[in-house]
Amino acid sequence: MRYLIDTSAGRFTVQAFATGLLSAFGHNPTIVISDYEGKMEFAPEASEEAFVRVTVRTTAMEVLDDNEEG
């Protein structure tokens with residue numbers, strides 16, 4: 001089974017988190033991605049071979065907020 005992601009039907013956002021020793025000094029931005037494409041493939045009899053692939057054009061990434069937490 002192959003599924004294509006309908007990019008016109010929704011919005012793709014990513015929440016990044018700072019971790020580790022210096023995380024208190026980091027930011028946790030929310031990033032919106034306006035230009036991307038993707039697909040999923042899944043076979044019930046071979047679920048270990050399933051995958052999701054998303055291709056993002058990095059020039060289409062925009063930080064929505066960059067609030068410092070901590």
# chains A, B, ... in the order shown; residues from 1 in each chain; ligands from 1

call {"tool": "residues_around", "arguments": {"residues": "Ala50 (chain A)", "least_positions_apart": "4", "cutoff": "10 Å", "atoms": "only C-alpha atoms", "output": "list of chain:residue names"}}
result
A:Met1, A:Arg2, A:Met40, A:Glu41, A:Phe42, A:Ala43, A:Pro44, A:Ala46

call {"tool": "residues_around", "arguments": {"residues": "Gly38 (chain A)", "least_positions_apart": "2", "cutoff": "8 Å", "atoms": "only C-alpha atoms", "output": "list in words"}}
result
Leu4, Ile5, Tyr36, Met40, Val52, Arg53, Val54 and Thr55 of chain A

call {"tool": "residues_around", "arguments": {"residues": "Met61 (chain A)", "least_positions_apart": "4", "cutoff": "7 Å", "atoms": "only C-alpha atoms", "output": "PyMOL selection string"}}
result
chain A and resi 31-34

call {"tool": "closest_residue", "arguments": {"among": "A:Asn28, A:Ser23, A:Ser47, A:Thr13", "to": "Glu62 (chain A)", "atoms": "only C-alpha atoms"}}
result
A:Thr13
